[in-house]
Each structure stands twice: as C-alpha cells, then as structure tokens.
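Chemist: Just data39.txt, nothing more (compact mmCIF, C-alpha atoms):
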# COMPACT_ATOMS: atom_id res chain seq x y z
CA MET N 5 112.49 137.73 167.59
CA ASN N 6 112.75 140.50 165.00
CA GLY N 7 110.34 142.86 166.70
CA GLY N 8 107.80 140.17 167.59
CA ARG N 9 106.77 139.59 163.98
CA LYS N 10 105.79 136.13 162.80
CA VAL N 11 108.29 133.26 162.88
CA LEU N 12 108.51 130.58 160.20
CA LEU N 13 110.31 127.26 160.63
CA TYR N 14 111.52 126.36 157.15
CA GLY N 15 112.32 122.66 157.03
CA LEU N 16 111.58 120.25 159.86
CA GLY N 17 113.59 117.10 160.50
CA ARG N 18 115.91 116.78 163.49
CA SER N 19 116.86 120.46 163.66
CA GLY N 20 113.36 121.76 163.01
CA ARG N 21 111.87 119.55 165.67
CA GLY N 22 114.43 120.88 168.17
CA VAL N 23 113.56 124.48 167.25
CA ALA N 24 109.83 123.80 167.55
CA ARG N 25 110.14 122.16 170.97
CA PHE N 26 112.31 125.03 172.20
CA LEU N 27 109.93 127.74 171.00
CA ALA N 28 107.02 125.93 172.64
CA ARG N 29 108.92 125.79 175.95
CA GLU N 30 109.57 129.50 175.59
CA GLY N 31 105.84 130.17 175.17
CA LEU N 32 106.35 131.33 171.58
CA THR N 33 104.41 130.35 168.48
CA ALA N 34 105.54 129.75 164.93
CA GLU N 35 104.34 128.54 161.59
CA TRP N 36 106.15 125.89 159.57
CA HIS N 37 106.86 124.80 156.02
CA ASP N 38 108.32 121.58 154.69
CA ALA N 39 107.89 120.32 151.14
CA ARG N 40 107.81 116.67 152.28
CA PRO N 41 107.11 116.60 156.02
CA PRO N 42 107.35 113.17 157.68
CA ALA N 43 104.12 112.14 159.37
CA GLU N 44 105.73 112.25 162.82
CA ASP N 45 106.90 115.83 162.24
CA GLU N 46 103.42 116.94 161.20
CA ALA N 47 102.03 115.27 164.32
CA LEU N 48 104.50 117.15 166.52
CA MET N 49 103.53 120.47 164.92
CA ARG N 50 99.86 119.78 165.60
CA GLU N 51 100.67 118.80 169.18
CA LEU N 52 102.55 122.07 169.70
CA GLY N 53 99.82 124.13 168.05
CA PHE N 54 102.03 125.32 165.19
CA GLY N 55 100.15 125.84 161.93
CA ARG N 56 101.34 125.41 158.37
CA GLY N 57 102.86 128.62 157.00
CA ASP N 58 102.72 130.38 153.64
CA VAL N 59 106.12 130.80 151.96
CA ALA N 60 104.59 133.65 149.95
CA GLY N 61 103.80 135.48 153.20
CA THR N 62 105.73 137.96 155.30
CA TYR N 63 107.72 136.93 158.37
CA GLY N 64 110.09 138.67 160.74
CA THR N 65 112.31 135.64 161.32
CA VAL N 66 112.81 132.44 159.37
CA VAL N 67 114.62 129.66 161.21
CA ALA N 68 115.89 127.48 158.38
CA ALA N 69 116.99 123.86 158.73
CA PRO N 70 120.65 123.19 157.83
CA GLY N 71 119.69 121.05 154.86
CA VAL N 72 118.08 124.00 153.07
CA PRO N 73 120.65 125.90 150.95
CA ILE N 74 121.03 129.56 151.88
CA ASP N 75 120.29 130.50 148.26
CA HIS N 76 117.08 128.47 148.06
CA PRO N 77 114.54 130.54 146.07
CA ASP N 78 112.04 130.48 148.94
CA LEU N 79 114.60 131.81 151.41
CA LEU N 80 115.73 134.51 149.00
CA ALA N 81 112.13 135.58 148.46
CA LEU N 82 111.37 135.60 152.19
CA ALA N 83 114.50 137.67 152.84
CA GLY N 84 113.42 140.04 150.08
CA ARG N 85 110.18 140.62 151.98
CA GLY N 86 112.07 141.55 155.13
CA ALA N 87 112.68 138.25 156.91
CA GLU N 88 115.93 137.58 158.73
CA ILE N 89 117.21 134.08 157.95
CA ILE N 90 118.86 132.37 160.91
CA GLY N 91 119.56 128.86 162.17
CA GLU N 92 119.16 127.14 165.51
CA VAL N 93 122.56 128.29 166.78
CA VAL N 94 121.75 132.00 166.50
CA LEU N 95 118.35 131.36 168.06
CA ALA N 96 120.05 129.68 171.02
CA ALA N 97 122.61 132.48 171.37
CA ARG N 98 119.93 135.17 171.36
CA ARG N 99 117.53 133.45 173.72
CA ARG N 100 120.31 132.35 176.10
CA PRO N 101 122.76 135.29 175.91
CA HIS N 102 124.53 134.39 179.16
CA LEU N 103 125.21 130.76 178.17
CA PRO N 104 128.82 130.35 176.97
CA LEU N 105 129.03 128.58 173.63
CA VAL N 106 132.09 126.73 172.39
CA GLY N 107 131.81 126.23 168.63
CA VAL N 108 133.62 123.48 166.71
CA THR N 109 133.87 123.06 162.96
CA GLY N 110 136.20 121.47 160.41
CA THR N 111 136.17 119.09 157.49
CA ALA N 112 136.98 116.13 159.74
CA GLY N 113 137.20 115.54 163.47
CA LYS N 114 134.67 118.13 164.60
CA GLY N 115 132.29 115.61 166.19
CA GLY N 116 134.97 113.85 168.19
CA THR N 117 136.45 117.17 169.28
CA THR N 118 133.04 118.49 170.34
CA VAL N 119 132.32 115.49 172.53
CA LEU N 120 135.81 115.56 174.00
CA ILE N 121 135.65 119.25 174.96
CA ALA N 122 132.38 118.68 176.80
CA HIS N 123 133.89 115.65 178.55
CA LEU N 124 136.90 117.69 179.71
CA LEU N 125 134.73 120.53 180.97
CA ARG N 126 132.50 118.14 182.92
CA ALA N 127 135.61 116.67 184.54
CA CYS N 128 136.50 120.21 185.60
CA GLY N 129 133.18 120.61 187.40
CA LEU N 130 131.06 122.34 184.77
CA ASN N 131 127.68 121.12 183.56
CA ALA N 132 128.72 121.04 179.91
CA ARG N 133 126.41 119.66 177.23
CA GLU N 134 127.17 118.94 173.59
CA GLY N 135 124.81 119.27 170.64
CA GLY N 136 124.24 120.88 167.27
CA ASN N 137 125.24 118.99 164.16
CA ILE N 138 125.94 116.07 166.48
CA ASP N 139 122.96 114.60 168.36
CA PRO N 140 121.05 116.06 170.10
CA PRO N 141 120.03 119.40 168.54
CA LEU N 142 121.60 122.35 170.35
CA LEU N 143 118.25 123.72 171.53
CA ASP N 144 117.53 120.46 173.32
CA VAL N 145 120.54 120.96 175.65
CA VAL N 146 120.72 124.69 176.40
CA ASP N 147 118.41 124.64 179.41
CA GLY N 148 120.25 123.78 182.60
CA ALA N 149 123.69 123.72 180.98
CA GLU N 150 126.50 125.95 182.22
CA VAL N 151 128.32 125.58 178.90
CA ALA N 152 127.14 124.31 175.52
CA VAL N 153 129.67 122.83 173.11
CA VAL N 154 128.22 122.92 169.61
CA GLU N 155 129.37 121.06 166.52
CA LEU N 156 128.85 123.35 163.53
CA SER N 157 128.59 122.15 159.95
CA SER N 158 129.22 124.39 156.96
CA PHE N 159 125.46 124.26 156.36
CA GLN N 160 124.74 125.67 159.82
CA LEU N 161 127.46 128.27 159.47
CA GLU N 162 125.78 129.74 156.39
CA ARG N 163 123.16 131.32 158.69
CA VAL N 164 124.84 132.71 161.80
CA PRO N 165 124.42 136.50 161.52
CA GLY N 166 125.99 138.26 164.49
CA LEU N 167 127.08 135.07 166.23
CA ARG N 168 129.93 135.68 168.66
CA LEU N 169 131.66 132.67 170.19
CA PRO N 170 133.97 133.15 173.18
CA VAL N 171 135.83 130.01 172.07
CA ALA N 172 135.85 128.55 168.57
CA VAL N 173 137.73 125.60 167.08
CA ILE N 174 138.57 124.77 163.47
CA THR N 175 139.95 121.23 163.36
CA ASN N 176 141.10 121.43 159.71
CA LEU N 177 139.97 122.68 156.30
CA GLY N 178 139.75 120.23 153.42
CA VAL N 179 137.31 119.63 150.58
CA ASP N 180 133.69 118.59 151.08
CA HIS N 181 130.10 119.37 150.12
CA LEU N 182 130.93 120.84 146.72
CA ASP N 183 127.49 119.66 145.60
CA ARG N 184 126.11 122.30 147.99
CA HIS N 185 128.75 125.06 148.06
CA ARG N 186 129.96 124.56 144.46
CA THR N 187 133.52 125.74 145.11
CA VAL N 188 136.15 125.03 147.74
CA GLU N 189 136.39 128.77 148.37
CA ALA N 190 132.67 129.02 149.19
CA TYR N 191 132.87 125.96 151.42
CA HIS N 192 135.82 127.40 153.35
CA ALA N 193 134.10 130.79 153.58
CA ALA N 194 131.13 129.12 155.27
CA LYS N 195 133.42 127.35 157.71
CA LEU N 196 135.22 130.60 158.55
CA ASN N 197 131.95 132.19 159.63
CA ILE N 198 132.67 130.50 162.96
CA THR N 199 135.13 133.29 163.77
CA ALA N 200 133.44 136.19 161.95
CA GLY N 201 131.86 137.61 165.11
CA GLN N 202 134.77 137.00 167.45
CA GLN N 203 136.65 139.85 169.12
CA GLU N 204 140.13 140.28 170.62
CA GLU N 205 139.22 138.77 173.98
CA ASP N 206 137.86 135.62 172.34
CA VAL N 207 139.94 132.56 171.42
CA LEU N 208 140.22 130.67 168.14
CA VAL N 209 141.89 127.23 168.26
CA LEU N 210 143.55 126.13 165.02
CA PRO N 211 145.96 123.46 163.76
CA GLU N 212 149.48 124.81 163.37
CA GLY N 213 150.02 126.17 159.87
CA LEU N 214 146.38 127.02 159.16
CA ASN N 215 146.17 130.79 158.73
CA VAL N 216 142.71 132.36 158.72
CA PRO N 217 141.50 135.96 159.12
CA THR N 218 140.30 136.63 162.67
CA HIS N 219 140.14 139.26 165.39
CA ALA N 220 140.39 136.63 168.11
CA ALA N 221 143.46 135.43 169.98
CA VAL N 222 144.80 132.36 168.18
CA ARG N 223 146.03 129.19 169.88
CA THR N 224 147.52 126.51 167.67
CA PHE N 225 147.90 122.77 168.19
CA THR N 226 149.80 119.90 166.63
CA PRO N 227 148.56 116.29 166.70
CA ASP N 228 151.78 115.01 168.27
CA ARG N 229 151.63 117.09 171.47
CA ILE N 230 148.76 117.59 173.90
CA ALA N 231 149.63 120.73 175.82
CA LEU N 232 148.18 123.86 177.40
CA ALA N 233 148.84 127.26 175.87
CA ASP N 234 151.84 127.75 178.15
CA GLY N 235 153.45 124.58 176.77
CA ARG N 236 152.84 122.28 179.75
CA GLU N 237 152.23 118.77 178.46
CA VAL N 238 148.92 117.33 179.60
CA LEU N 239 149.29 113.73 178.43
CA PRO N 240 151.65 111.87 176.08
CA THR N 241 149.77 110.89 172.94
CA PRO N 242 150.55 107.15 173.36
CA ASP N 243 148.54 107.22 176.60
CA LEU N 244 145.32 108.22 174.83
CA PRO N 245 142.53 105.61 174.83
CA GLU N 246 141.99 103.69 171.61
CA GLY N 247 139.85 105.63 169.17
CA ILE N 248 140.70 109.11 170.51
CA HIS N 249 142.52 111.00 167.78
CA PRO N 250 145.54 112.96 169.06
CA ALA N 251 144.61 116.03 167.00
CA ASN N 252 141.12 116.06 168.55
CA ALA N 253 142.65 115.76 172.01
CA ALA N 254 145.16 118.56 171.39
CA ALA N 255 142.44 120.90 170.14
CA ALA N 256 140.01 119.95 172.90
CA VAL N 257 142.50 120.68 175.66
CA LEU N 258 143.22 124.18 174.32
CA ALA N 259 139.51 124.91 173.90
CA ALA N 260 138.64 123.67 177.40
CA GLU N 261 141.49 125.69 178.86
CA ALA N 262 140.31 128.86 177.07
CA LEU N 263 136.74 128.43 178.28
CA LEU N 264 137.85 127.77 181.86
CA GLU N 265 139.98 130.92 181.77
CA ARG N 266 136.99 132.87 180.41
CA LEU N 267 135.00 131.73 183.43
CA GLY N 268 137.80 132.64 185.85
CA ARG N 269 138.86 129.07 186.57
CA ALA N 270 142.44 127.84 186.43
CA PRO N 271 142.82 124.68 184.31
CA ASP N 272 144.31 121.80 186.28
CA VAL N 273 146.70 119.60 184.31
CA GLY N 274 146.03 116.53 186.45
CA THR N 275 142.26 116.81 186.03
CA LEU N 276 142.54 117.24 182.27
CA ALA N 277 144.95 114.31 181.98
CA GLY N 278 142.63 112.08 184.00
CA ALA N 279 139.68 113.08 181.85
CA LEU N 280 141.58 112.26 178.66
CA ARG N 281 142.37 108.79 179.99
CA THR N 282 138.65 108.10 180.53
CA ALA N 283 137.50 109.57 177.21
CA ARG N 284 135.64 107.36 174.78
CA PRO N 285 135.36 107.73 171.01
CA VAL N 286 132.08 108.82 169.51
CA ALA N 287 130.07 105.86 168.28
CA GLY N 288 130.59 105.42 164.56
CA ARG N 289 133.98 107.13 164.54
CA PHE N 290 136.90 104.68 164.27
CA GLU N 291 135.53 102.28 166.86
CA THR N 292 136.72 98.70 167.29
CA VAL N 293 133.42 96.79 167.29
CA ALA N 294 134.72 93.19 167.27
CA ARG N 295 137.91 91.14 167.45
CA LEU N 296 138.79 87.70 166.15
CA GLY N 297 142.27 86.65 167.17
CA ASP N 298 144.62 89.22 165.66
CA VAL N 299 141.95 90.73 163.40
CA ARG N 300 140.11 93.90 164.46
CA PHE N 301 136.86 95.06 162.90
CA VAL N 302 136.85 98.89 162.95
CA GLU N 303 133.72 100.88 162.22
CA ASP N 304 134.18 104.41 160.85
CA SER N 305 130.96 104.71 158.90
CA ILE N 306 130.98 108.50 159.07
CA ALA N 307 134.29 108.60 157.16
CA THR N 308 133.08 109.97 153.83
CA ARG N 309 135.35 113.03 153.68
CA THR N 310 138.84 112.64 152.30
CA LEU N 311 140.55 113.83 155.49
CA ALA N 312 138.51 111.47 157.67
CA VAL N 313 139.13 108.44 155.45
CA GLU N 314 142.83 109.28 155.20
CA ALA N 315 143.04 109.47 159.00
CA ALA N 316 141.32 106.08 159.31
CA LEU N 317 143.71 104.46 156.85
CA THR N 318 146.68 105.93 158.71
CA ARG N 319 145.47 104.79 162.14
CA ALA N 320 144.32 101.28 161.25
CA THR N 321 146.77 98.44 161.87
CA PRO N 322 147.90 96.93 158.56
CA PRO N 323 147.29 94.81 156.62
CA ILE N 324 143.90 96.42 155.98
CA ALA N 325 140.83 95.02 154.24
CA TRP N 326 139.10 98.28 153.33
CA LEU N 327 135.32 98.34 152.87
CA VAL N 328 134.47 101.05 150.33
CA GLY N 329 131.11 101.97 148.88
CA GLY N 330 127.81 103.74 149.17
CA ARG N 331 126.85 106.74 147.07
CA ASP N 332 129.78 108.69 145.61
CA LYS N 333 129.86 112.31 146.84
CA GLY N 334 132.87 113.34 144.78
CA ALA N 335 135.60 112.97 147.40
CA ASP N 336 139.19 113.59 146.31
CA LEU N 337 140.67 110.10 146.03
CA ALA N 338 144.30 111.00 145.27
CA PRO N 339 145.33 111.34 148.96
CA LEU N 340 143.56 108.05 149.70
CA ARG N 341 145.53 106.18 147.07
CA ALA N 342 148.68 107.45 148.74
CA ALA N 343 147.49 106.60 152.27
CA ALA N 344 146.49 103.09 151.19
CA ARG N 345 149.81 102.29 149.53
CA GLY N 346 151.55 99.46 151.36
CA ARG N 347 148.79 99.25 153.98
CA VAL N 348 145.66 98.03 152.18
CA THR N 349 145.70 94.38 151.11
CA ARG N 350 142.25 94.31 149.55
CA VAL N 351 139.29 96.61 148.92
CA VAL N 352 135.77 95.23 149.36
CA ALA N 353 133.45 97.30 147.16
CA PHE N 354 129.75 97.50 148.01
CA GLY N 355 126.73 99.68 147.35
CA GLU N 356 125.60 101.91 144.52
CA ASP N 357 128.99 103.37 143.58
CA GLY N 358 131.34 100.89 145.22
CA GLU N 359 132.70 99.49 141.99
CA GLY N 360 133.48 102.92 140.55
CA LEU N 361 135.18 104.05 143.76
CA ALA N 362 137.27 100.87 143.93
CA GLN N 363 138.34 101.20 140.30
CA SER N 364 139.37 104.82 140.89
CA LEU N 365 141.50 103.76 143.85
CA SER N 366 143.54 101.44 141.59
CA LEU N 367 143.68 98.70 144.24
CA PRO N 368 142.77 94.99 144.06
CA PHE N 369 139.12 94.59 145.03
CA ASP N 370 136.27 92.18 145.56
CA LEU N 371 132.87 93.39 144.35
CA LEU N 372 129.46 92.90 145.89
CA PRO N 373 127.14 93.61 142.92
CA PHE N 374 124.51 96.26 143.68
CA GLU N 375 120.81 96.17 142.93
CA PRO N 376 118.32 98.81 144.14
CA GLY N 377 116.35 97.59 147.12
CA MET N 378 119.06 95.26 148.38
CA ASP N 379 119.07 94.38 152.07
CA GLY N 380 121.75 96.52 153.70
CA ASP N 381 122.31 94.11 156.58
CA GLU N 382 123.04 91.27 154.20
CA VAL N 383 125.46 93.48 152.26
CA MET N 384 127.34 94.30 155.47
CA ARG N 385 127.47 90.61 156.46
CA ARG N 386 128.96 89.65 153.11
CA ALA N 387 131.37 92.60 153.13
CA ALA N 388 132.65 91.76 156.61
CA ALA N 389 133.14 88.11 155.61
CA LEU N 390 135.05 89.07 152.46
CA GLY N 391 137.20 91.44 154.50
CA LEU N 392 138.07 88.71 156.99
CA ALA N 393 138.90 86.28 154.18
CA ALA N 394 141.22 88.88 152.60
CA LEU N 395 143.23 88.96 155.84
CA GLY N 396 143.61 85.19 156.01
CA GLY N 397 140.45 84.22 157.85
CA PRO N 398 140.20 83.59 161.61
CA GLY N 399 143.94 82.87 161.84
CA GLY N 400 144.92 86.05 160.01
CA ARG N 401 145.85 89.47 161.29
CA GLY N 402 145.14 93.12 160.53
CA THR N 403 142.06 95.33 160.31
CA VAL N 404 138.73 95.01 158.53
CA LEU N 405 138.00 98.73 158.15
CA LEU N 406 134.68 100.32 157.23
CA ALA N 407 135.73 103.80 156.05
CA PRO N 408 133.38 103.88 153.09
CA VAL N 409 134.07 107.19 151.27
CA GLY N 410 130.52 107.11 149.90
CA THR N 411 127.39 108.26 151.73
CA SER N 412 124.96 105.74 153.22
CA PHE N 413 121.77 106.73 151.41
CA ASP N 414 121.87 103.94 148.84
CA LEU N 415 121.22 101.21 151.43
CA PHE N 416 120.63 102.88 154.81
CA ARG N 417 118.80 105.84 156.30
CA ASP N 418 122.05 107.36 157.58
CA TYR N 419 125.67 106.62 158.47
CA LYS N 420 124.70 105.47 161.97
CA ALA N 421 122.42 102.74 160.63
CA ARG N 422 125.19 101.60 158.28
CA GLY N 423 127.72 101.53 161.12
CA GLU N 424 125.38 99.63 163.41
CA SER N 425 124.74 97.09 160.65
CA PHE N 426 128.47 96.55 160.14
CA ALA N 427 129.04 96.22 163.90
CA ARG N 428 126.34 93.54 164.17
CA ALA N 429 127.77 91.69 161.20
CA ALA N 430 131.30 91.81 162.62
CA ARG N 431 130.23 90.55 166.05
CA GLU N 432 128.13 87.75 164.58
CA LEU N 433 131.00 86.74 162.28
CA ALA N 434 133.53 86.75 165.11
CA ALA N 435 131.22 84.69 167.35
CA GLU N 436 130.52 82.24 164.51
CA LYS N 437 134.21 81.68 163.73
CA VAL N 438 135.16 81.30 167.41
CA GLY N 439 132.46 78.66 167.85
CA ALA N 440 133.31 76.82 164.63
Represent the supplied structure as structure tokens.
Modeler:
Amino acid sequence: MNGGRKVLLYGLGRSGRGVARFLAREGLTAEWHDARPPAEDEALMRELGFGRGDVAGTYGTVVAAPGVPIDHPDLLALAGRGAEIIGEVVLAARRRPHLPLVGVTGTAGKGGTTVLIAHLLRACGLNAREGGNIDPPLLDVVDGAEVAVVELSSFQLERVPGLRLPVAVITNLGVDHLDRHRTVEAYHAAKLNITAGQQEEDVLVLPEGLNVPTHAAVRTFTPDRIALADGREVLPTPDLPEGIHPANAAAAVLAAEALLERLGRAPDVGTLAGALRTARPVAGRFETVARLGDVRFVEDSIATRTLAVEAALTRATPPIAWLVGGRDKGADLAPLRAAARGRVTRVVAFGEDGEGLAQSLSLPFDLLPFEPGMDGDEVMRRAAALGLAALGGPGGRGTVLLAPVGTSFDLFRDYKARGESFARAARELAAEKVGA
C-alpha cells in the first residue's frame, strides 16, 4: 500500500478490527491510533502484533474508521505529510482487484437492499457475501466470495479514492447526518461518490426520477413494479414476503441482473422470483416480532431517518400506536406529520428527547418520563404496554410500531439492542395477555 510505507489504522471499533484482522491475514503490519480504545480492541492489537502509532508521524496510508470525519485535524495533518486517507472498501478493492463489488447506498433502504441482492445472487449459484456498513465488516467476507455486496454509508463514501464499482445502487436521497456533513449538499455529494469512479460499461441503479451525474449506464426502478431491465415482470409486489419493501426488491433485481450480465450469466426470471418469495427482512427493519389477536408488534428500531420512518408509517396497518423517542438527531418531522395523519392513534414518547419529538409531531401522546441511567428494558416494557392499551388492549387491533426517529444512545448501546429489547417486551406482553 502506497509504496510499502507505513500503514496507520485511525480509529478501531468494528471497522478497524476488520481491517486489522485482514491485514494480519495478508501478512502485513500496521500501527494504530484511537483516542479511547476499548480494552478488547487493545487486546486484539497486541495479539496481532500491531503497535500504537504516532499521529504526528509520517505514513504512506491511513485507513480511517467511518466514524472519523474526513476533515478531522489529525487526518488533515497526516494527509499534509503525504498520507493517502482511505477506508476499508478501497482497501478491499485494491487487495482483491478481481472480486466484483456491488455497492449500495441511500438515505433509507440500503441495508435491506444489500442483503436482498446477495440473497438473489446466491439463488443464482454465486457465492455472494454481504458486508460493509451492515454486519459483518467487508474485509471479513472478501476471502472465498465470488461477489461481495457492500452497504456504503455516507461516512464510508467520504474516503473512496479511485473506487470503481461495476454495479452501484442508490436507493434514494433524503436528509440525514447534518451533524456530520453540515449541509444537505455535502451529504448528497458524499453519497454520489458511489458512482464517481464508474465508467460507461458499469451500471448505476436508481429510483425513477432521481437524476445524478454519472458515466455509467443507468437503470431505474419504481416501487410498484419488480422487473428486469427489458420490462419482464419478475414478481407482483403483493406476492412479496412480509417485511420486504417493494422498492428494495425492485432495486435488488436490477442490480443482481446487471452483475449476472457482467459475469456472462443470463438472469433467469423463475429463479429470481423464487428467491424473492423466500427472502427475509433484515432483523431490526420493519419486522413483526409478536402478535396478540389482531394487534401486531412491529420492530423498526433502525428507523431514525425521515424516509425510513415515513416508510414504516405507510406500511404499518392502522390504527398505529407509534413509539417515538431516543436522542433527537434533527430529522425533518414535517413529512412524518403528514404520514401519520389518519393512521396514528397515539404516540408513546420515551427516552431523552421523546417528549420534544412527540410535541413537535402535534399528535396525542403518552409520556414515559426520562431520567439518566434508566433501565432500557423496563422502558421498552412500559412503552409496549402503553402502545397495546392505546389500541384497545388484547381485544384491539392495529400495530404497535417502534419507529423511533431518535437514536438509541440515550438508553442502549445501539439500535440493535433497542430493537431486541422491544421484541422481548412485546413477546412477554403477548404471552402474558394470552395466559391471563
């Protein structure tokens, strides 16, 4: 990498650990820096023989974790001393140049689309693995895979110099992460880096009506029709399994088709249709986790972006008891007020900024008062119970929906832990009411 000069891993965590393990497997060494390294990460570095680096030193390559802003003073200083700043995706592309990569980004739906593309390609006989922003890290799956499908966040796409993707997907472009990118324009510019290195023989899959600058061939999709590029319908949207979003399916089919064509394989409509029928939603993304009579408990803990929450509100069966809360990240609430109109019976507000979010939504709400250090599991139990009561109790109907708008870091380590807590609470509540 960069003429064999020293390599620095800047920031550990999930991505950094994946990079370190990969470099060790490659027989390469690196130094590392993290302002607050978890004990388990330090232990892994010692085990791999990677020493602590000096951010005032000189390096050829710096592999930066996604959570580190591209304009961090340390990164700017390292670049000023000649270092190239890259992320794990470019490292994978350079070390595995013959491995086809399908890249997926977007404000909402990129995780579900990533998993679905890999599922379709496996059904077509390819050893396809998914990774990147979605678990596991990309570098944990590149060995042995015939195709890697990588979910790409705007953070990752800040550091992809020279990356060329034979197939790229943009699910949509909304508003998110303004605390990091500062402006919508900068956020969208980061997202559009997914196509910056593409050429005429590559394919970019987009929703109809989204116009972006690209040199690649463009294939567009609509959420109401799942079809190949030649117009042949693959599967009617009503036949999709519960929890599979039609837009994700439409995009995934076009991306899988493009990759198969790139590899000289003809896409088979019957195989793709069969694979769609067996697809399963990603855990934590609009998943029915419990039922009690005509009431469904739906967990969409990752829904903190406006587009994702709006989609959840649109898909949930009304009347809806909507669980809202966590730490406010500045989402645009105007579209959510519109999506909730006539569908949401009651908001259950929880967490650090739940009350403020509920008040801004201008909907009737029940409040679970917040105190730092509260037990998140107990909060989820009380929220699920209030949601059920708002729908009429065990004899009611509708959806208790966790689509929280706020991030999880007030009560939980991440959105997965919050979703798992809600799922446990919903199942326990359903079992309790059935046995009552």
Chemist: Check the smallest atom-to-atom distance from each of N:Phe159, N:Tyr63, N:Phe225, N:Tyr14 to Lys195 of chain N using only C-alpha atoms, then report the winner.
Modeler: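 Comparing N:Phe159, N:Tyr63, N:Phe225, N:Tyr14 against Lys195 of chain N, the winner is N:Phe159.
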Chemist: In Å, how far is it from atom CA of Asp45 of chain N to atom CA of Ala69 of chain N?
Modeler: 13.4 Å
Chemist: Considering only C-alpha atoms, return as a ChimeraX atom specification whatever protein or nucleic-acid residues lie within 12 Å of His102 of chain N, sequence-local ones (same chain, fewer than 2 positions apart) excluded.
Modeler: /N:96-100,104-105,146-152,168-170,267
Chemist: With all atoms listed in the file as the basis for distance, which of N:Leu13, N:Leu415, N:Ala342, N:Ala83 is at the shortest distance from Glu356 of chain N?
Modeler: N:Leu415
Chemist: Between N:Gly20, N:Pro285, N:Gly61, N:Gly31, which has the minimum distance to Thr117 of chain N (counting only C-alpha atoms)?
Modeler: N:Pro285
Chemist: Mind pulling up the distance from atom CA of Trp326 of chain N to atom CA of Val351 of chain N?
Modeler: 4.7 Å
Chemist: With only C-alpha atoms as the basis for distance, which of N:Ile198, N:Val409, N:Leu244, N:Ala388 is at the shortest distance from Thr308 of chain N?
Modeler: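 Ranking N:Ile198, N:Val409, N:Leu244, N:Ala388 by distance to Thr308 of chain N, first place goes to N:Val409.
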Chemist: Write out as a ChimeraX atom specification which residues come within 10 Å of Ala435 of chain N when counting all atoms listed in the file, dropping same-chain ones fewer than 6 positions away.
Modeler: /N:294-296,429
Chemist: May I ask for the distance between atom CA of His76 of chain N and atom CA of Leu156 of chain N, given in Å to one decimal place?
Modeler: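 One can read the atom CA of His76 of chain N to atom CA of Leu156 of chain N distance as 20.1 Å.
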